[in-house]
Amino acid sequence: VADAPEDDLYAAMDWLFDRQPVIEKKLAGRHLHAGGMVLYDLSSSYFEGTKCPLAARGHSRDGKKGKLQVNYGLVTDALGCPVSVSIFPGNTGDSTTVLAEVEKVQCRFGIKSMVLVCDRAVITEKQIDQIREQPGIDWVTALRSPAIKGLVKREALQLGLFDERNLFEVVDDEFPGERLVACRNVDLAERRRL
């Protein structure tokens, strides 16, 4: 595309945009399967212009503080193969996007049973409560610090049990029907100590 003029590149992007639902449905049919894993995360790119209606100030994930940005959510299969992308205003919080993506995967792509894997910023307790109401959805995420501190305070999580190799399961009444798995991240502990 080195010789393509700017207008040709914009025309190609318009062509893709018009066909995005069809392309995504084909990719989902090829890469997503009932009972399979669906990975999702929200990222952002800073924006230099002033005309984009989606550009807004928000949490900068690329270190460009004070710049307008646009957020994009990416759905992939378990191997990280991109299946779908959604665009959000730059001031959209991570957790407000996940349920729309779950609905897209279930309704548009026909995947009724899946395991959603997201980081702790994307799936909060509020989203977990809503996901519980939808059949066929399980999730994997990390607890936030207050929840971990609560486990320690209730002695469901005993820090002395950690060795630096093994995982162990934690059972706690605050998380009924959920499987909690704990491990000690040596690298993270060292970074937090400094």
# chains A, B, ... in the order shown; residues from 1 in each chain; ligands from 1
$ closest_atom_pairs --of "region 80-184 of chain A" --to "region 24-44 of chain A" --cutoff "8 Å" --atoms "only C-alpha atoms" --output "Markdown table"
| residue | atom | partner | partner_atom | distance |
| --- | --- | --- | --- | --- |
| A:Gly80 | CA | A:Leu39 | CA | 7.3 |
| A:Cys81 | CA | A:His31 | CA | 7.6 |
| A:Val83 | CA | A:Leu27 | CA | 5.4 |
| A:Ser84 | CA | A:Glu24 | CA | 5.5 |
| A:Gly90 | CA | A:Ser44 | CA | 7.2 |
| A:Asp94 | CA | A:Leu42 | CA | 6.0 |
| A:Val98 | CA | A:Tyr40 | CA | 7.9 |
| A:Arg108 | CA | A:Lys25 | CA | 7.2 |
| A:Phe109 | CA | A:Lys25 | CA | 5.9 |
| A:Ile111 | CA | A:Ala34 | CA | 5.3 |
| A:Lys112 | CA | A:Ala34 | CA | 6.3 |
| A:Ser113 | CA | A:Gly35 | CA | 4.8 |
| A:Met114 | CA | A:Gly35 | CA | 4.5 |
| A:Val115 | CA | A:Met37 | CA | 4.8 |
| A:Leu116 | CA | A:Val38 | CA | 5.0 |
| A:Val117 | CA | A:Leu39 | CA | 5.0 |
| A:Cys118 | CA | A:Tyr40 | CA | 5.7 |
| A:Asp119 | CA | A:Asp41 | CA | 7.4 |
| A:Val122 | CA | A:Asp41 | CA | 7.1 |
$ write_last_selection --atoms "N, CA, C and O atoms" --output "compact mmCIF listing (two decimals), in the first residue's frame"
# COMPACT_ATOMS: atom_id res chain seq x y z
N GLY A 80 -5.78 -16.11 21.16
CA GLY A 80 -5.54 -14.69 20.90
C GLY A 80 -5.86 -14.27 19.48
O GLY A 80 -5.51 -13.16 19.08
N CYS A 81 -6.50 -15.14 18.70
CA CYS A 81 -6.87 -14.79 17.33
C CYS A 81 -8.03 -13.78 17.38
O CYS A 81 -9.09 -14.10 17.91
N VAL A 83 -11.32 -11.79 16.77
CA VAL A 83 -12.61 -12.17 16.20
C VAL A 83 -13.48 -10.94 15.98
O VAL A 83 -14.19 -10.83 14.99
N SER A 84 -13.42 -10.00 16.93
CA SER A 84 -14.33 -8.86 16.88
C SER A 84 -13.69 -7.67 17.57
O SER A 84 -12.97 -7.82 18.54
N GLY A 90 -13.62 7.62 24.36
CA GLY A 90 -12.39 7.57 25.14
C GLY A 90 -12.58 7.63 26.63
O GLY A 90 -11.67 7.29 27.38
N ASP A 94 -13.72 0.44 31.55
CA ASP A 94 -13.56 -0.96 31.14
C ASP A 94 -14.79 -1.80 31.46
O ASP A 94 -15.31 -2.52 30.61
N VAL A 98 -18.16 -4.83 29.08
CA VAL A 98 -18.11 -6.29 29.04
C VAL A 98 -19.46 -6.94 28.75
O VAL A 98 -19.54 -7.90 27.99
N ARG A 108 -25.12 -12.41 18.41
CA ARG A 108 -24.65 -12.29 17.02
C ARG A 108 -23.87 -13.50 16.56
O ARG A 108 -23.94 -13.91 15.41
N PHE A 109 -23.07 -14.07 17.49
CA PHE A 109 -22.21 -15.17 17.10
C PHE A 109 -22.77 -16.54 17.47
O PHE A 109 -22.21 -17.57 17.11
N ILE A 111 -22.89 -18.15 20.32
CA ILE A 111 -22.15 -18.93 21.31
C ILE A 111 -22.89 -18.79 22.64
O ILE A 111 -22.80 -17.77 23.32
N LYS A 112 -23.63 -19.79 23.00
CA LYS A 112 -24.47 -19.71 24.21
C LYS A 112 -23.73 -20.13 25.47
O LYS A 112 -24.13 -19.81 26.57
N SER A 113 -22.63 -20.86 25.31
CA SER A 113 -21.89 -21.37 26.46
C SER A 113 -20.42 -21.00 26.27
O SER A 113 -19.82 -21.36 25.26
N MET A 114 -19.86 -20.25 27.26
CA MET A 114 -18.46 -19.84 27.12
C MET A 114 -17.88 -19.52 28.47
O MET A 114 -18.59 -19.34 29.46
N VAL A 115 -16.56 -19.43 28.49
CA VAL A 115 -15.82 -18.94 29.65
C VAL A 115 -15.19 -17.62 29.23
O VAL A 115 -14.41 -17.57 28.28
N LEU A 116 -15.57 -16.57 29.90
CA LEU A 116 -15.07 -15.23 29.62
C LEU A 116 -13.86 -14.97 30.51
O LEU A 116 -13.93 -15.15 31.73
N VAL A 117 -12.74 -14.57 29.90
CA VAL A 117 -11.52 -14.31 30.65
C VAL A 117 -11.18 -12.84 30.50
O VAL A 117 -10.96 -12.36 29.38
N CYS A 118 -11.18 -12.11 31.61
CA CYS A 118 -10.91 -10.68 31.61
C CYS A 118 -10.07 -10.31 32.82
O CYS A 118 -10.05 -11.03 33.80
N ASP A 119 -9.41 -9.16 32.74
CA ASP A 119 -8.66 -8.71 33.91
C ASP A 119 -9.59 -8.08 34.93
O ASP A 119 -10.78 -7.86 34.66
N VAL A 122 -11.99 -5.15 34.10
CA VAL A 122 -13.13 -5.38 33.20
C VAL A 122 -14.29 -6.05 33.91
O VAL A 122 -15.44 -5.67 33.71
$ select_by_dssp --residues "chain A" --states "strand (DSSP E)" --output "PyMOL selection string"
chain A and resi 36-47+68-76+82-89+114-117+137-140+168-170+180-182
$ residues_around --residues "Asp173 (chain A)" --least-positions-apart "4" --cutoff "12 Å" --atoms "only C-alpha atoms" --output "list of chain:residue names"
A:Gly150, A:Leu151, A:Arg154, A:Glu155, A:Ala156, A:Gly177, A:Glu178, A:Arg179, A:Leu180
$ atom_distance --atom1 "CA of Phe168 (chain A)" --atom2 "CA of Gln127 (chain A)"
25.3 Å
$ residues_around --residues "Leu161 (chain A)" --least-positions-apart "3" --cutoff "12 Å" --atoms "only C-alpha atoms" --output "MDAnalysis selection string"
chainID A and resid 152 155:158 164:170 182:184
$ atom_distance --atom1 "CA of Lys126 (chain A)" --atom2 "CA of Ser95 (chain A)"
8.8 Å
$ atom_distance --atom1 "CA of Lys67 (chain A)" --atom2 "CA of Phe88 (chain A)"
15.7 Å
$ residues_around --residues "Gly63 (chain A)" --least-positions-apart "3" --cutoff "10 Å" --atoms "only C-alpha atoms" --output "ChimeraX atom specification"
/A:45-46,59-60,66-67
$ select_by_dssp --residues "chain A" --states "helix (DSSP H, G or I)" --output "ChimeraX atom specification"
/A:6-31,94-96,98-108,125-132,145-153,159-161,186-193
$ closest_residue --among "A:Arg193, A:Lys104, A:Arg132, A:Arg144" --to "Arg120 (chain A)" --atoms "only C-alpha atoms"
A:Arg144
